[in-house]
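S.K.: Next up, entry-v3.txt (compact mmCIF, C-alpha atoms).
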```txt
# COMPACT_ATOMS: atom_id res chain seq x y z
CA MET A 28 38.32 124.80 111.45
CA LYS A 29 38.67 128.53 111.95
CA ASN A 30 35.62 130.76 111.80
CA LEU A 31 35.33 133.53 109.24
CA ILE A 32 33.59 136.91 109.34
CA ILE A 33 33.59 139.21 106.33
CA ILE A 34 32.31 142.74 106.83
CA THR A 35 31.69 144.72 103.66
CA LEU A 36 31.42 148.49 103.87
CA ASP A 37 29.35 149.73 100.98
CA THR A 38 30.55 153.01 99.46
CA PHE A 39 33.26 153.57 102.08
CA ARG A 40 36.29 155.64 101.07
CA LYS A 41 39.70 154.46 102.18
CA ASP A 42 40.68 157.97 103.30
CA ARG A 43 37.87 157.88 105.87
CA LEU A 44 39.62 155.13 107.82
CA THR A 45 41.04 157.57 110.36
CA ARG A 46 41.17 158.05 114.11
CA GLN A 47 38.91 161.10 113.87
CA ILE A 48 36.17 159.77 111.57
CA THR A 49 36.12 156.01 112.23
CA PRO A 50 37.92 155.45 115.54
CA ASN A 51 36.75 151.85 116.01
CA LEU A 52 37.85 150.73 112.56
CA TRP A 53 41.08 152.68 112.97
CA ALA A 54 41.85 151.02 116.32
CA PHE A 55 41.04 147.57 114.92
CA SER A 56 43.27 148.23 111.90
CA LYS A 57 46.31 148.37 114.20
CA ALA A 58 45.94 144.64 114.82
CA CYS A 59 45.42 143.89 111.12
CA ASP A 60 47.19 143.94 107.82
CA ASN A 61 46.08 147.27 106.40
CA PHE A 62 46.75 147.36 102.69
CA PRO A 63 47.33 150.78 101.08
CA ASN A 64 46.90 149.74 97.43
CA VAL A 65 43.81 147.59 97.00
CA PHE A 66 41.36 148.23 94.19
CA THR A 67 37.86 147.12 93.37
CA THR A 68 37.00 145.58 90.02
CA CYS A 69 34.05 147.91 89.49
CA PRO A 70 32.84 150.89 91.58
CA ILE A 71 29.31 149.45 91.69
CA THR A 72 27.93 147.32 94.52
CA LEU A 73 26.73 144.08 92.91
CA PRO A 74 29.58 143.46 90.44
CA ALA A 75 32.17 144.28 93.12
CA HIS A 76 30.62 141.86 95.62
CA VAL A 77 30.40 139.13 92.99
CA SER A 78 34.11 139.61 92.27
CA LEU A 79 34.82 139.40 96.00
CA PHE A 80 32.98 136.13 96.51
CA ALA A 81 33.73 134.43 93.17
CA GLY A 82 37.31 135.64 92.60
CA TYR A 83 36.79 136.78 89.01
CA TYR A 84 36.66 140.06 87.13
CA PRO A 85 33.25 141.22 85.86
CA ASN A 86 34.15 140.22 82.30
CA ARG A 87 34.07 136.61 83.52
CA THR A 88 31.17 136.77 86.00
CA GLY A 89 28.82 138.46 83.55
CA VAL A 90 27.80 140.99 86.21
CA HIS A 91 28.56 144.62 85.36
CA LYS A 92 25.70 146.67 86.76
CA ASN A 93 23.16 146.84 89.57
CA GLY A 94 19.63 145.88 88.65
CA CYS A 95 20.52 144.71 85.13
CA HIS A 96 22.55 141.60 85.88
CA PHE A 97 22.50 138.75 88.37
CA TYR A 98 25.10 136.16 89.30
CA ASP A 99 24.20 132.86 87.64
CA GLY A 100 26.61 130.69 89.63
CA ARG A 101 28.98 129.90 86.78
CA TYR A 102 31.81 129.72 89.34
CA PRO A 103 31.40 128.53 92.95
CA THR A 104 31.16 131.27 95.54
CA LEU A 105 32.94 131.35 98.88
CA ALA A 106 29.70 130.49 100.68
CA GLU A 107 29.12 127.45 98.49
CA VAL A 108 32.63 126.15 99.11
CA LEU A 109 32.38 126.66 102.87
CA GLN A 110 28.92 125.14 103.05
CA ASP A 111 30.35 122.04 101.36
CA LYS A 112 32.98 122.03 104.13
CA ASN A 113 30.19 121.93 106.75
CA TYR A 114 30.39 125.59 107.71
CA TYR A 115 27.26 127.31 108.91
CA THR A 116 26.81 130.22 106.49
CA HIS A 117 24.78 133.34 107.28
CA ALA A 118 24.49 136.67 105.44
CA ILE A 119 22.95 139.89 106.73
CA ILE A 120 22.25 142.28 103.88
CA SER A 121 21.48 145.96 104.24
CA SER A 122 20.35 147.03 100.77
CA ILE A 123 17.96 146.01 98.03
CA VAL A 124 20.89 146.03 95.60
CA LEU A 125 22.04 142.66 96.98
CA GLU A 126 18.64 140.97 97.29
CA LYS A 127 18.39 137.23 96.64
CA GLN A 128 17.10 137.76 93.13
CA PHE A 129 20.55 139.02 92.14
CA GLY A 130 22.24 135.70 92.89
CA LEU A 131 24.61 136.08 95.84
CA ASP A 132 22.45 134.01 98.19
CA ARG A 133 24.08 130.84 96.80
CA GLY A 134 25.59 128.73 99.55
CA PHE A 135 24.08 130.63 102.48
CA THR A 136 22.02 128.71 105.02
CA ILE A 137 20.39 132.02 105.91
CA TYR A 138 20.44 135.04 103.60
CA ASP A 139 18.68 137.75 105.55
CA ASP A 140 17.46 140.45 103.16
CA ASP A 141 14.00 140.77 104.66
CA PHE A 142 14.23 144.44 105.73
CA GLY A 143 11.55 144.04 108.35
CA GLY A 144 9.12 141.72 106.60
CA LYS A 145 7.54 144.33 104.35
CA LYS A 146 10.82 145.32 102.72
CA ARG A 147 10.48 148.87 103.88
CA GLY A 148 13.44 150.79 105.22
CA LYS A 149 13.43 154.18 106.88
CA LYS A 150 12.25 157.27 105.08
CA TRP A 151 15.07 159.56 103.91
CA PHE A 152 14.33 162.83 102.15
CA GLY A 153 10.69 161.91 101.67
CA LYS A 154 11.39 158.56 99.99
CA ARG A 155 11.42 155.09 101.46
CA PHE A 156 14.50 152.99 100.77
CA TRP A 157 14.77 149.25 101.22
CA THR A 158 17.77 149.41 103.51
CA ARG A 159 18.95 148.68 107.02
CA ARG A 160 20.82 151.14 109.19
CA ALA A 161 23.99 150.03 110.97
CA LYS A 162 22.36 149.62 114.36
CA GLU A 163 19.85 147.09 113.06
CA THR A 164 22.47 145.28 110.97
CA THR A 165 24.77 144.96 113.97
CA ASN A 166 21.99 143.80 116.29
CA LEU A 167 20.96 141.10 113.82
CA ALA A 168 24.56 139.92 113.54
CA LEU A 169 25.05 139.83 117.31
CA GLU A 170 21.79 137.95 117.79
CA ALA A 171 22.73 135.38 115.14
CA MET A 172 26.22 134.82 116.54
CA LYS A 173 24.87 134.49 120.07
CA LYS A 174 22.56 131.67 118.95
CA HIS A 175 25.37 129.78 117.24
CA LYS A 176 26.47 127.00 119.58
CA LYS A 177 28.80 124.65 117.73
CA GLY A 178 30.62 124.10 114.47
CA SER A 179 32.55 126.50 112.26
CA PHE A 180 30.73 129.49 110.85
CA PHE A 181 30.99 132.08 108.08
CA TYR A 182 29.13 135.35 108.53
CA TRP A 183 28.91 138.02 105.86
CA ILE A 184 27.73 141.33 107.31
CA HIS A 185 26.98 144.12 104.85
CA TYR A 186 26.70 147.79 105.87
CA PHE A 187 25.12 150.35 103.56
CA ASP A 188 25.10 153.56 105.59
CA CYS A 189 27.76 155.40 103.59
CA HIS A 190 25.73 155.16 100.39
CA SER A 191 23.73 158.23 99.40
CA PRO A 192 21.40 159.71 100.40
CA TYR A 193 23.42 160.67 103.48
CA HIS A 194 21.75 161.41 106.77
CA LYS A 195 21.62 165.20 107.13
CA ASN A 196 23.49 165.34 103.81
CA ASN A 197 26.79 164.53 105.53
CA TYR A 198 28.99 161.65 104.30
CA ASN A 199 31.42 161.78 107.22
CA ARG A 200 28.52 161.65 109.66
CA GLU A 201 27.37 158.41 108.03
CA CYS A 202 30.87 156.96 108.34
CA LYS A 203 30.97 157.83 112.05
CA TYR A 204 27.54 156.33 112.64
CA MET A 205 28.48 153.09 110.89
CA ASP A 206 31.76 152.93 112.78
CA LEU A 207 30.02 153.27 116.13
CA HIS A 208 27.96 150.15 115.52
CA ILE A 209 30.78 148.21 113.89
CA GLY A 210 32.70 148.89 117.08
CA ASN A 211 29.94 147.14 119.03
CA LEU A 212 30.16 144.20 116.67
CA LEU A 213 33.95 143.90 116.80
CA SER A 214 33.98 144.03 120.60
CA ALA A 215 31.68 140.98 120.70
CA ILE A 216 33.69 138.76 118.34
CA ASP A 217 35.82 136.00 119.83
CA LEU A 218 39.03 136.69 117.93
CA LYS A 219 40.91 133.65 119.20
CA ASN A 220 39.58 131.36 116.49
CA THR A 221 38.12 133.81 113.99
CA ILE A 222 39.50 135.39 110.85
CA VAL A 223 38.00 138.82 110.26
CA ILE A 224 38.17 140.56 106.91
CA ILE A 225 36.84 144.09 106.47
CA VAL A 226 36.67 145.47 102.95
CA ALA A 227 34.75 148.09 100.99
CA ASP A 228 33.16 147.27 97.67
CA HIS A 229 34.03 150.74 96.33
CA GLY A 230 34.44 154.31 97.48
CA GLU A 231 32.52 157.51 96.83
CA GLY A 232 33.07 160.64 94.80
CA LEU A 233 32.42 163.80 96.74
CA GLY A 234 32.90 166.22 93.88
CA GLU A 235 36.53 165.43 93.08
CA HIS A 236 37.25 165.07 89.35
CA GLY A 237 33.70 166.21 88.67
CA GLU A 238 32.23 162.98 90.04
CA ILE A 239 29.43 162.91 92.57
CA HIS A 240 28.72 159.50 94.10
CA HIS A 241 30.24 156.59 92.13
CA GLY A 242 30.08 154.32 89.11
CA THR A 243 30.81 156.78 86.32
CA LYS A 244 34.61 157.21 86.53
CA LEU A 245 37.65 155.22 87.66
CA TYR A 246 39.49 157.60 89.97
CA ASN A 247 40.97 156.43 93.28
CA THR A 248 38.18 158.11 95.22
CA THR A 249 35.80 155.37 94.09
CA THR A 250 38.14 152.50 93.17
CA ARG A 251 40.79 152.35 95.91
CA ILE A 252 39.33 150.42 98.84
CA PRO A 253 40.32 149.62 102.42
CA LEU A 254 41.19 146.01 103.22
CA LEU A 255 41.85 144.80 106.77
CA ILE A 256 42.80 141.20 107.52
CA TYR A 257 42.91 139.87 111.09
CA PRO A 258 45.11 138.31 112.29
CA LYS A 259 48.06 139.72 110.42
CA ILE A 260 49.57 137.60 107.68
CA ASN A 261 52.53 139.94 107.18
CA VAL A 262 52.50 140.18 103.40
CA ASN A 263 54.07 142.78 101.15
CA GLU A 264 51.69 145.66 101.68
CA SER A 265 53.42 147.87 99.12
CA LEU A 266 52.16 145.88 96.12
CA ASN A 267 48.92 146.47 94.25
CA TYR A 268 46.10 144.06 95.03
CA SER A 269 42.52 143.57 93.91
CA ILE A 270 39.29 142.57 95.60
CA ILE A 271 39.50 139.32 93.57
CA ASP A 272 42.56 138.31 95.62
CA ILE A 273 40.53 137.92 98.81
CA LEU A 274 38.88 134.60 97.86
CA PRO A 275 42.08 132.58 97.19
CA THR A 276 43.68 134.21 100.24
CA ILE A 277 40.80 132.96 102.40
CA PHE A 278 41.24 129.44 101.07
CA ASP A 279 44.87 129.54 102.18
CA LEU A 280 44.03 131.10 105.55
CA LEU A 281 41.46 128.39 106.25
CA GLU A 282 43.88 125.74 104.98
CA LEU A 283 41.30 124.35 102.60
CA LYS A 284 42.46 121.80 100.09
CA GLN A 285 40.23 123.39 97.49
CA ARG A 286 41.97 126.17 95.62
CA CYS A 287 41.00 128.54 92.82
CA PRO A 288 43.52 127.56 90.15
CA LEU A 289 41.47 129.18 87.42
CA CYS A 290 40.18 132.26 89.23
CA ASP A 291 41.57 135.68 88.40
CA GLY A 292 42.69 136.38 91.96
CA VAL A 293 46.01 135.53 93.59
CA SER A 294 46.42 134.44 97.20
CA LEU A 295 48.35 137.02 99.19
CA LEU A 296 49.99 134.09 100.98
CA SER A 297 51.38 132.62 97.77
CA LYS A 298 54.92 133.30 96.61
CA TYR A 299 53.54 135.15 93.59
CA GLY A 300 51.13 137.21 95.65
CA ARG A 301 53.88 138.28 98.01
CA SER A 302 56.40 139.36 95.43
CA CYS A 303 54.94 140.35 92.07
CA ASP A 304 53.33 143.49 90.72
CA ARG A 305 50.87 142.48 88.03
CA HIS A 306 48.31 144.09 85.78
CA LEU A 307 44.99 144.74 87.50
CA PHE A 308 41.79 145.65 85.68
CA MET A 309 38.77 147.76 86.55
CA GLU A 310 35.69 148.75 84.62
CA THR A 311 32.53 150.76 84.83
CA LEU A 312 29.81 150.36 82.25
CA ARG A 313 27.24 152.50 84.00
CA GLU A 314 27.32 155.40 81.54
CA ASP A 315 30.31 155.90 79.26
CA HIS A 316 32.09 152.56 79.15
CA LEU A 317 35.48 152.91 80.81
CA TYR A 318 38.18 150.37 81.58
CA ALA A 319 41.42 150.81 83.48
CA CYS A 320 44.66 148.84 83.71
CA ILE A 321 46.91 149.31 86.74
CA PHE A 322 50.57 148.36 86.63
CA VAL A 323 53.17 149.26 89.28
CA ASP A 324 52.72 153.01 89.83
CA THR A 325 50.54 154.03 86.89
CA LYS A 326 46.92 153.63 85.85
CA TYR A 327 45.87 153.72 82.23
CA VAL A 328 42.22 154.51 81.49
CA SER A 329 40.63 153.59 78.18
CA ASP A 330 39.88 157.23 77.36
CA GLY A 331 43.60 157.42 76.53
CA LYS A 332 44.89 158.98 79.77
CA ILE A 333 47.68 157.76 82.04
CA TYR A 334 47.67 158.68 85.72
CA LEU A 335 50.20 158.38 88.50
CA LEU A 336 48.54 155.80 90.70
CA LYS A 337 49.35 157.46 94.01
CA ASP A 338 47.28 160.60 93.53
CA ASP A 339 45.53 160.44 90.14
CA ILE A 340 47.72 163.14 88.61
CA LEU A 341 48.12 162.90 84.86
CA ALA A 342 51.51 161.47 83.92
CA VAL A 343 53.29 163.94 81.64
CA SER A 344 56.94 162.91 81.83
CA GLY A 345 59.16 159.91 82.45
CA LEU A 346 57.10 157.61 80.24
CA ASP A 347 57.21 156.39 76.68
CA TYR A 348 53.64 157.58 76.37
CA LYS A 349 52.78 156.02 73.02
CA TYR A 350 54.23 152.66 74.07
CA VAL A 351 52.37 152.60 77.39
CA VAL A 352 49.07 153.59 75.78
CA SER A 353 49.47 150.95 73.09
CA GLU A 354 50.45 148.20 75.54
CA ARG A 355 47.77 148.94 78.15
CA GLN A 356 45.01 149.44 75.60
CA GLY A 357 45.99 146.12 74.06
CA GLN A 358 45.61 144.45 77.45
CA ILE A 359 42.21 146.06 77.94
CA ASP A 360 41.17 144.88 74.48
CA GLU A 361 42.14 141.34 75.51
CA TYR A 362 40.14 141.75 78.74
CA ILE A 363 37.08 142.73 76.70
CA GLU A 364 37.60 139.96 74.14
CA ASP A 365 37.88 137.42 76.97
CA SER A 366 34.42 138.33 78.23
CA CYS A 367 31.83 135.68 78.95
CA PRO A 368 28.13 136.28 78.22
CA ASP A 369 26.35 138.61 80.61
CA SER A 370 23.74 137.16 82.94
CA ASN A 371 20.78 139.48 82.47
CA VAL A 372 18.03 139.81 85.02
CA GLY A 373 14.55 138.91 83.88
CA ASP A 374 11.51 140.82 85.04
CA ILE A 375 12.07 143.02 88.08
CA GLU A 376 9.21 144.19 90.26
CA PRO A 377 8.24 147.79 89.45
CA GLU A 378 8.88 148.78 93.08
CA VAL A 379 12.40 147.35 92.91
CA LYS A 380 13.11 149.33 89.74
CA GLU A 381 11.87 152.47 91.45
CA GLN A 382 14.13 151.83 94.44
CA LEU A 383 17.18 151.33 92.23
CA LYS A 384 16.39 154.57 90.39
CA HIS A 385 16.18 156.43 93.70
CA LEU A 386 19.62 155.09 94.59
CA GLY A 387 21.03 156.36 91.29
CA TYR A 388 21.00 153.12 89.27
CA MET A 389 19.13 151.98 86.18
```
Kindly present the structure from the file in structure tokens form.

M.R.:
Amino acid sequence: MKNLIIITLDTFRKDRLTRQITPNLWAFSKACDNFPNVFTTCPITLPAHVSLFAGYYPNRTGVHKNGCHFYDGRYPTLAEVLQDKNYYTHAIISSIVLEKQFGLDRGFTIYDDDFGGKKRGKKWFGKRFWTRRAKETTNLALEAMKKHKKGSFFYWIHYFDCHSPYHKNNYNRECKYMDLHIGNLLSAIDLKNTIVIIVADHGEGLGEHGEIHHGTKLYNTTTRIPLLIYPKINVNESLNYSIIDILPTIFDLLELKQRCPLCDGVSLLSKYGRSCDRHLFMETLREDHLYACIFVDTKYVSDGKIYLLKDDILAVSGLDYKYVVSERQGQIDEYIEDSCPDSNVGDIEPEVKEQLKHLGYM
């Protein structure tokens, strides 16, 4: 059985995957499928990661926000499936947002969210954040992989450096720092029998469209995400894909008999995934509730606006505007009506609440 490593880049913008800013990721991307049109389901860490590992939109997982919801296991996660297939499963988490209490530890033999025993990260701007920096995350991953002697493995390695607050108030500097240590990780991976998937959960607003940080709007700056798959599978990179498509694609790549016939995602190796543009959905319920429906080259947002998907310019010609608004809003209404009950978190430690507030949540 092939090994699997998934690296998630929290809050990493696709347009920062460049030779100048992230040279290690850029060099690695040349050996990968590098998809230009991949979108998250929600520009918020926990719901996006749940969609990644369960293959469903947030309306089905019941997870829409950080700190308010947890994943209750209503659908099997990737780690659970692989553990049942005798994979060794190991997660290295770099932020409080993905702590065990929020449900993604299911199926992992080791879910390392200890943050140094006392759950205290480094002090930034006078406040302590429960996080790991990329150097520590990489060293933990290298140490774990070095100890692994036999059997197939699945490692999930989560980097959080690009999330605010930025070191020296510089987002690009954080991207470069993370890239340096990811380069050390990639150089140590035996690629002969390992599938490597690198994906962001969402991007970051740096003032464009009046959005600072993420989670309040559905522009490409926070919803379009990088996706690298090694080795190349040579699919149609021009189509639109979603983070929910990664799970069924992995099942095909690992040649597992188990499939996700009922999940929302589509395997990129399937005939349908290789040839069909379909409607994709996104949401953010952090402040004003917004939903978006992507189809071919346009994006409709539930505030009644239609954008050209390529560059988020308002569409003003070439469309039957009333028809598109009516059709897309109808699809969003169906998405909302198809929602399952939310899985609300119970009591959270006061310190955890304070941390989430410092990070801009709750």

S.K.: From the set A:Tyr193, A:Tyr299, A:Tyr182, A:Tyr327, which residue has the shortest atom-to-atom contact distance to Asn30 in chain A, counting only C-alpha atoms?

M.R.: A:Tyr182

S.K.: Tell me, as a PDB file with C-alpha atoms, in the coordinates of the input, which residues lie within 12 Å of Lys349 in chain A, counting only C-alpha atoms; anything in the same chain fewer than 3 positions away does not count.

M.R.:
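Resulting contents of around-v6.pdb:
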```
ATOM      1  CA  TYR A 327      45.870 153.720  82.230  1.00  0.00           C
ATOM      2  CA  GLY A 331      43.600 157.420  76.530  1.00  0.00           C
ATOM      3  CA  LYS A 332      44.890 158.980  79.770  1.00  0.00           C
ATOM      4  CA  ILE A 333      47.680 157.760  82.040  1.00  0.00           C
ATOM      5  CA  VAL A 343      53.290 163.940  81.640  1.00  0.00           C
ATOM      6  CA  SER A 344      56.940 162.910  81.830  1.00  0.00           C
ATOM      7  CA  LEU A 346      57.100 157.610  80.240  1.00  0.00           C
ATOM      8  CA  VAL A 352      49.070 153.590  75.780  1.00  0.00           C
ATOM      9  CA  SER A 353      49.470 150.950  73.090  1.00  0.00           C
ATOM     10  CA  GLU A 354      50.450 148.200  75.540  1.00  0.00           C
ATOM     11  CA  ARG A 355      47.770 148.940  78.150  1.00  0.00           C
ATOM     12  CA  GLN A 356      45.010 149.440  75.600  1.00  0.00           C
TER      13      GLN A 356
END
```

S.K.: At a cut-off of 10 Å, using all atoms listed in the file, what residues contact Arg87 in chain A? Leave out same-chain residues fewer than 5 positions from it and give the result as a VMD selection string.

M.R.: chain A and resid 78 81 to 82 101 to 102 290 to 291 362 to 363 365 to 369

S.K.: Rank A:His208, A:Arg200, A:His194, A:His91 by their smallest atom-to-atom distance to Leu169 in chain A, using all atoms listed in the file, and report the top residue only.

M.R.: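 Once distances to Leu169 in chain A are computed over all atoms listed in the file, the minimum belongs to A:His208.
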
S.K.: Nearest residue to Val65 in chain A out of A:Val293, A:Ile270, A:Leu105, A:Ile137, using all atoms listed in the file?

M.R.: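 With all atoms listed in the file as the atom set, the closest residue is A:Ile270.
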
S.K.: Residues at most 6 Å from Ile225 in chain A, counting only C-alpha atoms, excluding those fewer than 4 positions away in the same chain, as a tab-separated table (two decimals) with C-alpha atoms, in the frame of the given file?

M.R.:
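Now in part-v3.tsv:
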```tsv
chain	number	residue	atom	x	y	z
A	33	ILE	CA	33.59	139.21	106.33
A	34	ILE	CA	32.31	142.74	106.83
A	35	THR	CA	31.69	144.72	103.66
A	254	LEU	CA	41.19	146.01	103.22
A	255	LEU	CA	41.85	144.80	106.77
```

S.K.: How many Å lie between CA of Ile271 in chain A and CA of Phe322 in chain A, rounded to one decimal?

M.R.: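 So the answer is 15.9 Å.
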
S.K.: How many Å separate CA of Asn199 in chain A from CA of Phe39 in chain A?

M.R.: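 These atoms are spaced 9.9 Å apart.
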
S.K.: Pick out the closest residue to Tyr204 in chain A from this set: A:Ala161, A:Leu131, A:Leu167, A:Val90. Count all atoms listed in the file.

M.R.: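 Closest to Tyr204 in chain A of all the choices is A:Ala161.
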
S.K.: Taking 5 positions as the minimum chain separation for residues in the same chain, which residues sit within 12 Å of Ile256 in chain A when counting only C-alpha atoms? Answer as a list in words.

M.R.: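 Here the answer would be Leu31, Ile32, Ile33, Ile34, Leu52, Phe55, Ser56, Lys57, Ala58, Cys59, Asp60, Asn61, Phe62, Leu218, Thr221, Ile222, Val223, Ile224, Ile225, Val226, Asn261, Val262, Glu264, Ile273, Thr276, Ile277, Leu280 and Leu295 of chain A.
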
S.K.: Go through A:Val124, A:Cys189, A:Ile321, A:Ala75 and flag the residue nearest Asp206 in chain A, using only C-alpha atoms for the distances.

M.R.: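 Looking at the shortest contact to Asp206 in chain A, the residue is A:Cys189.
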
S.K.: To one decimal place in Å, what is the distance between CA of Ala106 in chain A and CA of Phe80 in chain A?

M.R.: 7.7 Å

S.K.: Complete range 53-74 of chain A with N, CA and C atoms (output as a CSV table (one decimal), in the coordinates of the input).

M.R.:
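Contents of the output file selection-v4.csv:
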```csv
chain,number,residue,atom,x,y,z
A,53,TRP,N,39.7,152.3,112.9
A,53,TRP,CA,41.1,152.7,113.0
A,53,TRP,C,41.8,151.9,114.1
A,54,ALA,N,41.2,151.8,115.2
A,54,ALA,CA,41.8,151.0,116.3
A,54,ALA,C,42.0,149.5,115.9
A,55,PHE,N,41.0,149.0,115.3
A,55,PHE,CA,41.0,147.6,114.9
A,55,PHE,C,42.1,147.4,113.9
A,56,SER,N,42.3,148.4,113.0
A,56,SER,CA,43.3,148.2,111.9
A,56,SER,C,44.7,148.1,112.4
A,57,LYS,N,45.0,148.5,113.6
A,57,LYS,CA,46.3,148.4,114.2
A,57,LYS,C,46.7,146.9,114.5
A,58,ALA,N,45.7,146.1,114.6
A,58,ALA,CA,45.9,144.6,114.8
A,58,ALA,C,45.9,143.8,113.5
A,59,CYS,N,45.7,144.6,112.4
A,59,CYS,CA,45.4,143.9,111.1
A,59,CYS,C,46.5,144.2,110.1
A,60,ASP,N,46.6,143.5,109.0
A,60,ASP,CA,47.2,143.9,107.8
A,60,ASP,C,46.3,145.0,107.2
A,61,ASN,N,46.8,146.1,106.9
A,61,ASN,CA,46.1,147.3,106.4
A,61,ASN,C,46.7,147.7,105.1
A,62,PHE,N,46.1,147.2,104.0
A,62,PHE,CA,46.8,147.4,102.7
A,62,PHE,C,46.5,148.7,102.1
A,63,PRO,N,47.5,149.4,101.6
A,63,PRO,CA,47.3,150.8,101.1
A,63,PRO,C,46.9,150.8,99.6
A,64,ASN,N,47.1,149.7,98.9
A,64,ASN,CA,46.9,149.7,97.4
A,64,ASN,C,46.0,148.6,97.0
A,65,VAL,N,44.8,148.6,97.4
A,65,VAL,CA,43.8,147.6,97.0
A,65,VAL,C,42.7,148.3,96.2
A,66,PHE,N,42.3,147.6,95.1
A,66,PHE,CA,41.4,148.2,94.2
A,66,PHE,C,40.2,147.3,93.9
A,67,THR,N,39.0,147.9,93.7
A,67,THR,CA,37.9,147.1,93.4
A,67,THR,C,38.0,146.7,91.9
A,68,THR,N,37.1,145.9,91.4
A,68,THR,CA,37.0,145.6,90.0
A,68,THR,C,36.0,146.5,89.3
A,69,CYS,N,35.1,147.1,90.1
A,69,CYS,CA,34.0,147.9,89.5
A,69,CYS,C,33.5,148.7,90.6
A,70,PRO,N,33.4,150.1,90.5
A,70,PRO,CA,32.8,150.9,91.6
A,70,PRO,C,31.3,150.9,91.6
A,71,ILE,N,30.8,149.7,91.6
A,71,ILE,CA,29.3,149.4,91.7
A,71,ILE,C,29.1,148.2,92.6
A,72,THR,N,28.1,148.3,93.4
A,72,THR,CA,27.9,147.3,94.5
A,72,THR,C,27.9,145.9,94.1
A,73,LEU,N,26.9,145.5,93.2
A,73,LEU,CA,26.7,144.1,92.9
A,73,LEU,C,27.9,143.5,92.2
A,74,PRO,N,28.4,144.1,91.1
A,74,PRO,CA,29.6,143.5,90.4
A,74,PRO,C,30.8,143.4,91.3
```
